[in-house]
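Reading through the structure tokens given below for one structure.
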Amino acid sequence: MSKRPINFGAGPSALPESVLNEALGGILDFKGTGIGVAEVSHRSKEFVSLLADLENNIRTQLDVPPTHKILFTQGGGTGQFSAVVLNMLARHRLLHPTLPDEQRVMDYVITGSWSKKAMDEANRLGGASVHIAADARTKSKDSKSTDGIPAHEDFDFSADPVLIHYCENETVDGVQFSNDEQSPTSFPFHLLPAGGLWPLVADYSSSFMSRKIPRLADHAVIFAGAQKNIGPSGLTILIVRQDCIVDVDAAAKLGAASVPISMAYKPIADAGSLYNTPSTLAIYIASLVLERSKKLGGIEYYEPVNRRKAQKVYAALKEGEEKGVYCGKVREGSQSWMNVVFDVLGDNADAKFVAGAEALGMVALKGHRSVGGIRISLYNAISEEDTDKVVSYMKDFVAQNSS
Ligand code: PLP
């Protein structure tokens with residue numbers, strides 16, 4: 001029986017223990033080569049076939065159509081905040097070579113800290129103006145605090161933007177778009193400009209592989225760091241529609257900004273994600289996680305499990321709110337399945353909650369340093385049993401602290 005604590009951290013986060021044990025074997029001897037996966041050449045046939053299996057596993061489990069390539073790179077979500085802007089600017093330049101830069105616009109949907117950071121990077125890089133297509137910040141434009149997805153009528157997309165960026169799950173704020181297209185908190189696909197090949201970019205860093213991606217085929221780029229649901233940090237996964245894999249040097253000749261070669265999608269795609277040395281160990285562990293997930297039934301298995309986990313935690317949160325012990329931060333309908341955020345009311349009460357949980361072997365429950373409070377991350381490696389344990393603790397805490 002494992003003595004490891006239950007790690008509710010937001011990322012890097014828990015990985016299945018069986019995978020970690022299996023990985024130890026490959027660290028010493030990768031596929032019978034006698035050398036470990038961190039030591040083997042990324043061009044060896046064993047590693048190349050592992051990468052192909054990982055890609056295939058993502059493609060089949062998420063139902064990625066042939067119109068889209070799956071690429072592996074490094075630099076995390078932050079790397080993609082820059083890369084996506086540069087690649088999409090190059091695409092826009094090739095589509096509209098003579099359009100003045102002042103008339104190029106990048107749309108950002110602000111639902112929390114990560115989409116705000118992505119927008120800040122777009123502003124920093126320039127090449128087009130930034131338009132806020134919807135804004136969930138409740139206090140001021142400088143505030144980071146949000147409490148839910150904006151109403152559909154408050155979205156205002158540009159006519160022919162370079163890109164439209166949104167963050168599907170805000171890891172810090174606990175705000176997530178609904179995956180039910182009929183819901184008022186779903187992403188408003190029906191409001192996108194007419195024309196079909198939308199430059200729609202989604203940051204799925206903290207919800208990738210946790211449930212189906214609504215309208216996946218309508219996205220230009222979906223990106224995610226591996227370190228939440230599927231592996232260690234150091235691996236970034238991209239799903240890119242083929243018309244967004246463009247010759248950035250041809251675009252630069254027409255006046256677009258030069259794109260660092262390690263960030264340009266085309267060389268990465270042309271080289272089968274082996275343009276330069278990838279993060280071999282992270283890829284290996286991610287491949288074990290996805291093999292395990294395939295055996296369990298893939299997304300069809302995880303989606304209902306993740307839904308139930310979130311429902312149980314939000315039900316306990318509500319009970320605690322009614323007793324005046326907890327205060328949730330996110331409106332119903334916008335509550336993240338992956339990151340549940342709330343405050344514990346009273347002096348030093350958050351710290352008391354965290355310490356009590358630690359004493360019972362549940363760690364990393366402190367909210368992000370920028371917002372404080374509590375954050376319970378419920379990524380794929382957190383089982384229903386682990387969830388039941390934290391839910392029972394939440395209830396006991398209420399019983400002991402309500403008057
Ligand atoms: N986007 C989201 C939603 C995230 O949660 C994070 C990190 O936690 C990032 C982007 C940034 O990712 P990275 O730290 O891999 O650059």
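To be explicit about the labels: the chains of the structure tokens are called A, B, and onward in the order shown, and within each one the residues are counted from 1, while ligands get numbers from 1 in the order they are shown.
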Fill in: Surrounding residues as a list in words, ligand 1, max 6 Å, only C-alpha atoms and all ligand atoms
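Using only C-alpha atoms and all ligand atoms, I find these residues within 6 Å of ligand 1: Gly76, Gly77, Thr78, Trp114, Asn169, Glu170, Thr171, Asp203, Ser205, Ser206 and Gly225 of chain A.
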Contact check, segment 111-149 of chain A to segment 185-201 of chain A, at most 12 Å, counting only C-alpha atoms, closest pairs as a Markdown table:
```
| residue | atom | partner | partner_atom | distance |
| --- | --- | --- | --- | --- |
| A:Thr111 | CA | A:Phe187 | CA | 11.3 |
| A:Ser115 | CA | A:Val201 | CA | 11.2 |
| A:Ala118 | CA | A:Val201 | CA | 11.0 |
| A:Ala133 | CA | A:Leu192 | CA | 10.8 |
| A:Ala134 | CA | A:Pro188 | CA | 10.8 |
| A:Ala136 | CA | A:Thr185 | CA | 11.6 |
| A:Asp147 | CA | A:Thr185 | CA | 11.9 |
| A:Gly148 | CA | A:Thr185 | CA | 8.2 |
| A:Ile149 | CA | A:Thr185 | CA | 5.7 |
```
Item to complete: Point out the residue among A:Ile245, A:Asn229, A:Tyr326, A:Glu358 with the least atom-to-atom distance to Gly11 of chain A, counting only C-alpha atoms.
Response: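 The shortest atom-to-atom distance to Gly11 of chain A comes from A:Asn229.
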Worksheet item: Residues of segment 109-284 of chain A in alpha helix (DSSP H) according to DSSP, as a PyMOL selection string?
Response: chain A and resi 113-125+248-253+265-270+280-284
Go ahead and write the selection's residues with C-alpha atoms as a PDB file, in the first residue's frame.
```pdb
ATOM      1  CA  SER A 113      -4.655  35.366 -15.330  1.00  0.00           C
ATOM      2  CA  TRP A 114      -3.435  33.036 -18.075  1.00  0.00           C
ATOM      3  CA  SER A 115      -5.401  34.601 -20.902  1.00  0.00           C
ATOM      4  CA  LYS A 116      -4.271  38.001 -19.587  1.00  0.00           C
ATOM      5  CA  LYS A 117      -0.642  36.840 -19.705  1.00  0.00           C
ATOM      6  CA  ALA A 118      -1.129  35.591 -23.254  1.00  0.00           C
ATOM      7  CA  MET A 119      -2.550  38.976 -24.247  1.00  0.00           C
ATOM      8  CA  ASP A 120       0.331  40.820 -22.565  1.00  0.00           C
ATOM      9  CA  GLU A 121       2.759  38.829 -24.698  1.00  0.00           C
ATOM     10  CA  ALA A 122       0.825  39.662 -27.870  1.00  0.00           C
ATOM     11  CA  ASN A 123       1.001  43.343 -26.943  1.00  0.00           C
ATOM     12  CA  ARG A 124       4.713  43.007 -26.270  1.00  0.00           C
ATOM     13  CA  LEU A 125       5.428  41.334 -29.603  1.00  0.00           C
ATOM     14  CA  VAL A 248       7.423  31.964 -41.957  1.00  0.00           C
ATOM     15  CA  ASP A 249      10.449  32.993 -44.009  1.00  0.00           C
ATOM     16  CA  ALA A 250       8.268  33.696 -47.040  1.00  0.00           C
ATOM     17  CA  ALA A 251       6.065  35.818 -44.737  1.00  0.00           C
ATOM     18  CA  ALA A 252       9.144  37.647 -43.399  1.00  0.00           C
ATOM     19  CA  LYS A 253      10.113  38.567 -46.972  1.00  0.00           C
ATOM     20  CA  TYR A 265       5.551  25.316 -36.742  1.00  0.00           C
ATOM     21  CA  LYS A 266       6.615  24.281 -40.261  1.00  0.00           C
ATOM     22  CA  PRO A 267      10.159  23.082 -39.524  1.00  0.00           C
ATOM     23  CA  ILE A 268       8.827  21.258 -36.459  1.00  0.00           C
ATOM     24  CA  ALA A 269       6.075  19.619 -38.526  1.00  0.00           C
ATOM     25  CA  ASP A 270       8.381  18.811 -41.474  1.00  0.00           C
ATOM     26  CA  THR A 280      12.826  12.591 -24.322  1.00  0.00           C
ATOM     27  CA  LEU A 281      12.087  11.711 -20.703  1.00  0.00           C
ATOM     28  CA  ALA A 282       8.920  13.809 -20.591  1.00  0.00           C
ATOM     29  CA  ILE A 283       7.741  12.255 -23.863  1.00  0.00           C
ATOM     30  CA  TYR A 284       8.393   8.794 -22.487  1.00  0.00           C
TER      31      TYR A 284
END
```
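Distance check against Asp101 of chain A using only C-alpha atoms: of A:Ala128, A:Ile222, A:Val354, A:Val175, the minimum falls on A:Ala128.
Between Cys327 of chain A and the candidates A:Val162, A:Val344, A:Ala52, A:Ile382, the tightest atom-to-atom separation, counting only C-alpha atoms, involves A:Val344.
Between Thr33 of chain A and the residues A:Phe81, A:Ala355, A:Ala256, A:Glu46, the shortest atom-to-atom distance, using only C-alpha atoms, involves A:Glu46.
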Tell me which protein, DNA and RNA residues are within 8 Å of Ser377 of chain A, counting only C-alpha atoms, leaving out same-chain ones fewer than 6 positions away, and put them as a PDB file with N, CA and C atoms, in the first residue's frame.
```pdb
ATOM      1  N   PHE A   8      -2.596  17.349  -4.614  1.00  0.00           N
ATOM      2  CA  PHE A   8      -3.638  18.111  -5.316  1.00  0.00           C
ATOM      3  C   PHE A   8      -3.046  19.346  -6.006  1.00  0.00           C
ATOM      4  N   GLY A   9      -1.759  19.341  -6.256  1.00  0.00           N
ATOM      5  CA  GLY A   9      -1.086  20.504  -6.852  1.00  0.00           C
ATOM      6  C   GLY A   9      -1.562  20.794  -8.264  1.00  0.00           C
ATOM      7  N   ALA A  10      -1.367  22.071  -8.658  1.00  0.00           N
ATOM      8  CA  ALA A  10      -1.920  22.547  -9.928  1.00  0.00           C
ATOM      9  C   ALA A  10      -0.980  22.310 -11.107  1.00  0.00           C
ATOM     10  N   MET A 338     -11.295  21.133 -13.203  1.00  0.00           N
ATOM     11  CA  MET A 338      -9.915  20.761 -12.876  1.00  0.00           C
ATOM     12  C   MET A 338      -9.363  21.486 -11.655  1.00  0.00           C
ATOM     13  N   ASN A 339      -9.776  22.740 -11.463  1.00  0.00           N
ATOM     14  CA  ASN A 339      -9.208  23.526 -10.361  1.00  0.00           C
ATOM     15  C   ASN A 339     -10.348  24.192  -9.603  1.00  0.00           C
ATOM     16  N   VAL A 340     -10.596  23.718  -8.401  1.00  0.00           N
ATOM     17  CA  VAL A 340     -11.679  24.272  -7.582  1.00  0.00           C
ATOM     18  C   VAL A 340     -11.053  25.286  -6.623  1.00  0.00           C
ATOM     19  N   LEU A 365      -2.609  22.154  -1.413  1.00  0.00           N
ATOM     20  CA  LEU A 365      -3.970  22.692  -1.520  1.00  0.00           C
ATOM     21  C   LEU A 365      -4.017  24.220  -1.447  1.00  0.00           C
TER      22      LEU A 365
END
```
Worksheet item: Could you state the separation of atom CA of Thr236 of chain A and atom CA of Ser18 of chain A in Å, given to one decimal place?
Response: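 Calculated distance between atom CA of Thr236 of chain A and atom CA of Ser18 of chain A is 22.8 Å.
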Worksheet item: Which of these residues is nearest to Tyr301 of chain A, using only C-alpha atoms: A:Val371, A:Leu274, A:Val325, A:Met209?
Response: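 Selected residue with least distance to Tyr301 of chain A: A:Met209.
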Practice prompt. Quick one: everything within 10 Å of Pro260 of chain A, counting only C-alpha atoms, minus sequence neighbours fewer than 4 positions away in the same chain. Send it as a PyMOL selection string.
Written response: chain A and resi 83+86+248+264
Export of the given selection (N, CA and C atoms) as an mmCIF file, in the first residue's frame:
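Output contents, as saved in selection-v4.cif:
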```cif
data_model
loop_
_atom_site.group_PDB
_atom_site.id
_atom_site.type_symbol
_atom_site.label_atom_id
_atom_site.label_comp_id
_atom_site.auth_asym_id
_atom_site.auth_seq_id
_atom_site.Cartn_x
_atom_site.Cartn_y
_atom_site.Cartn_z
ATOM 1 N N ALA A 83 4.822 31.893 -29.631
ATOM 2 C CA ALA A 83 4.906 31.184 -30.919
ATOM 3 C C ALA A 83 3.622 31.326 -31.727
ATOM 4 N N LEU A 86 3.443 34.689 -33.444
ATOM 5 C CA LEU A 86 4.368 34.845 -34.568
ATOM 6 C C LEU A 86 3.931 34.013 -35.780
ATOM 7 N N VAL A 248 7.264 30.673 -42.648
ATOM 8 C CA VAL A 248 7.423 31.964 -41.957
ATOM 9 C C VAL A 248 8.490 32.832 -42.637
ATOM 10 N N ALA A 264 8.924 28.052 -34.999
ATOM 11 C CA ALA A 264 8.174 28.027 -36.263
ATOM 12 C C ALA A 264 7.553 26.636 -36.436
#
```
Worksheet item: Contacts of segment 23-26 of chain A at 8 Å or less, counting only C-alpha atoms, minus same-chain residues fewer than 6 places along, as a PyMOL selection string?
Response: chain A and resi 36-37+284-285+288
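Atom CA of Val240 of chain A is positioned 20.0 Å from atom CA of Ile299 of chain A.
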Discussion item. For the structure I just gave you, how does DSSP split segment 55-109 of chain A - specifically, which residues are strand (DSSP E)? Reply as an MDAnalysis selection string.
Written reply: chainID A and resid 68:73 105:109
Selection export as an mmCIF file, in the first residue's frame, atoms kept: C-alpha atoms:
```cif
data_model
loop_
_atom_site.group_PDB
_atom_site.id
_atom_site.type_symbol
_atom_site.label_atom_id
_atom_site.label_comp_id
_atom_site.auth_asym_id
_atom_site.auth_seq_id
_atom_site.Cartn_x
_atom_site.Cartn_y
_atom_site.Cartn_z
ATOM 1 C CA HIS A 68 -4.770 18.811 -38.078
ATOM 2 C CA LYS A 69 -1.189 17.857 -37.235
ATOM 3 C CA ILE A 70 -0.015 16.974 -33.761
ATOM 4 C CA LEU A 71 3.331 18.526 -32.895
ATOM 5 C CA PHE A 72 5.573 18.159 -29.866
ATOM 6 C CA THR A 73 7.789 20.976 -28.724
ATOM 7 C CA VAL A 105 -5.826 42.791 -35.170
ATOM 8 C CA MET A 106 -5.493 39.967 -32.657
ATOM 9 C CA ASP A 107 -8.538 39.109 -30.551
ATOM 10 C CA TYR A 108 -8.096 38.015 -26.930
ATOM 11 C CA VAL A 109 -10.806 36.682 -24.649
#
```
Practice prompt. Choose the residue, out of A:Glu303, A:Gly367, A:Ile230, A:Gly75, that has the smallest atom-to-atom separation from Glu291 of chain A; count only C-alpha atoms.
Written response: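 Closest to Glu291 of chain A of all the choices is A:Ile230.
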Item to complete: With a distance cut-off of 9 Å and only C-alpha atoms, select the neighbouring residues of Ala310 of chain A, excluding the residue or stretch itself and same-chain residues fewer than 3 positions from it, and output the selection as a PyMOL selection string.
Response: chain A and resi 305-307+313-315+335-340+378+387
Those same residues, written as a JSON list (two decimals), in the first residue's frame with N, CA and C atoms?
```
[["chain", "number", "residue", "atom", "x", "y", "z"],
["A", 305, "VAL", "N", -15.76, 10.45, -15.10],
["A", 305, "VAL", "CA", -15.07, 10.41, -13.79],
["A", 305, "VAL", "C", -14.75, 11.84, -13.34],
["A", 306, "ASN", "N", -14.21, 12.62, -14.26],
["A", 306, "ASN", "CA", -13.85, 14.00, -13.90],
["A", 306, "ASN", "C", -15.09, 14.83, -13.56],
["A", 307, "ARG", "N", -16.18, 14.57, -14.28],
["A", 307, "ARG", "CA", -17.42, 15.30, -13.97],
["A", 307, "ARG", "C", -17.87, 14.98, -12.54],
["A", 313, "VAL", "N", -16.92, 17.74, -5.18],
["A", 313, "VAL", "CA", -16.20, 18.81, -4.47],
["A", 313, "VAL", "C", -17.06, 20.08, -4.43],
["A", 314, "TYR", "N", -17.73, 20.40, -5.53],
["A", 314, "TYR", "CA", -18.56, 21.62, -5.52],
["A", 314, "TYR", "C", -19.77, 21.46, -4.58],
["A", 315, "ALA", "N", -20.27, 20.23, -4.46],
["A", 315, "ALA", "CA", -21.38, 20.02, -3.52],
["A", 315, "ALA", "C", -20.89, 20.27, -2.09],
["A", 335, "GLN", "N", -17.62, 27.08, -13.31],
["A", 335, "GLN", "CA", -16.69, 26.44, -12.38],
["A", 335, "GLN", "C", -15.87, 25.35, -13.05],
["A", 336, "SER", "N", -14.58, 25.44, -12.85],
["A", 336, "SER", "CA", -13.65, 24.51, -13.49],
["A", 336, "SER", "C", -13.79, 23.10, -12.91],
["A", 337, "TRP", "N", -13.72, 22.11, -13.79],
["A", 337, "TRP", "CA", -13.67, 20.72, -13.33],
["A", 337, "TRP", "C", -12.28, 20.39, -12.76],
["A", 338, "MET", "N", -11.30, 21.13, -13.20],
["A", 338, "MET", "CA", -9.91, 20.76, -12.88],
["A", 338, "MET", "C", -9.36, 21.49, -11.66],
["A", 339, "ASN", "N", -9.78, 22.74, -11.46],
["A", 339, "ASN", "CA", -9.21, 23.53, -10.36],
["A", 339, "ASN", "C", -10.35, 24.19, -9.60],
["A", 340, "VAL", "N", -10.60, 23.72, -8.40],
["A", 340, "VAL", "CA", -11.68, 24.27, -7.58],
["A", 340, "VAL", "C", -11.05, 25.29, -6.62],
["A", 378, "LEU", "N", -7.95, 18.71, -9.61],
["A", 378, "LEU", "CA", -8.54, 17.37, -9.76],
["A", 378, "LEU", "C", -8.16, 16.76, -11.10],
["A", 387, "THR", "N", -10.54, 11.89, -4.34],
["A", 387, "THR", "CA", -11.51, 12.99, -4.27],
["A", 387, "THR", "C", -12.43, 12.80, -3.06]]
```
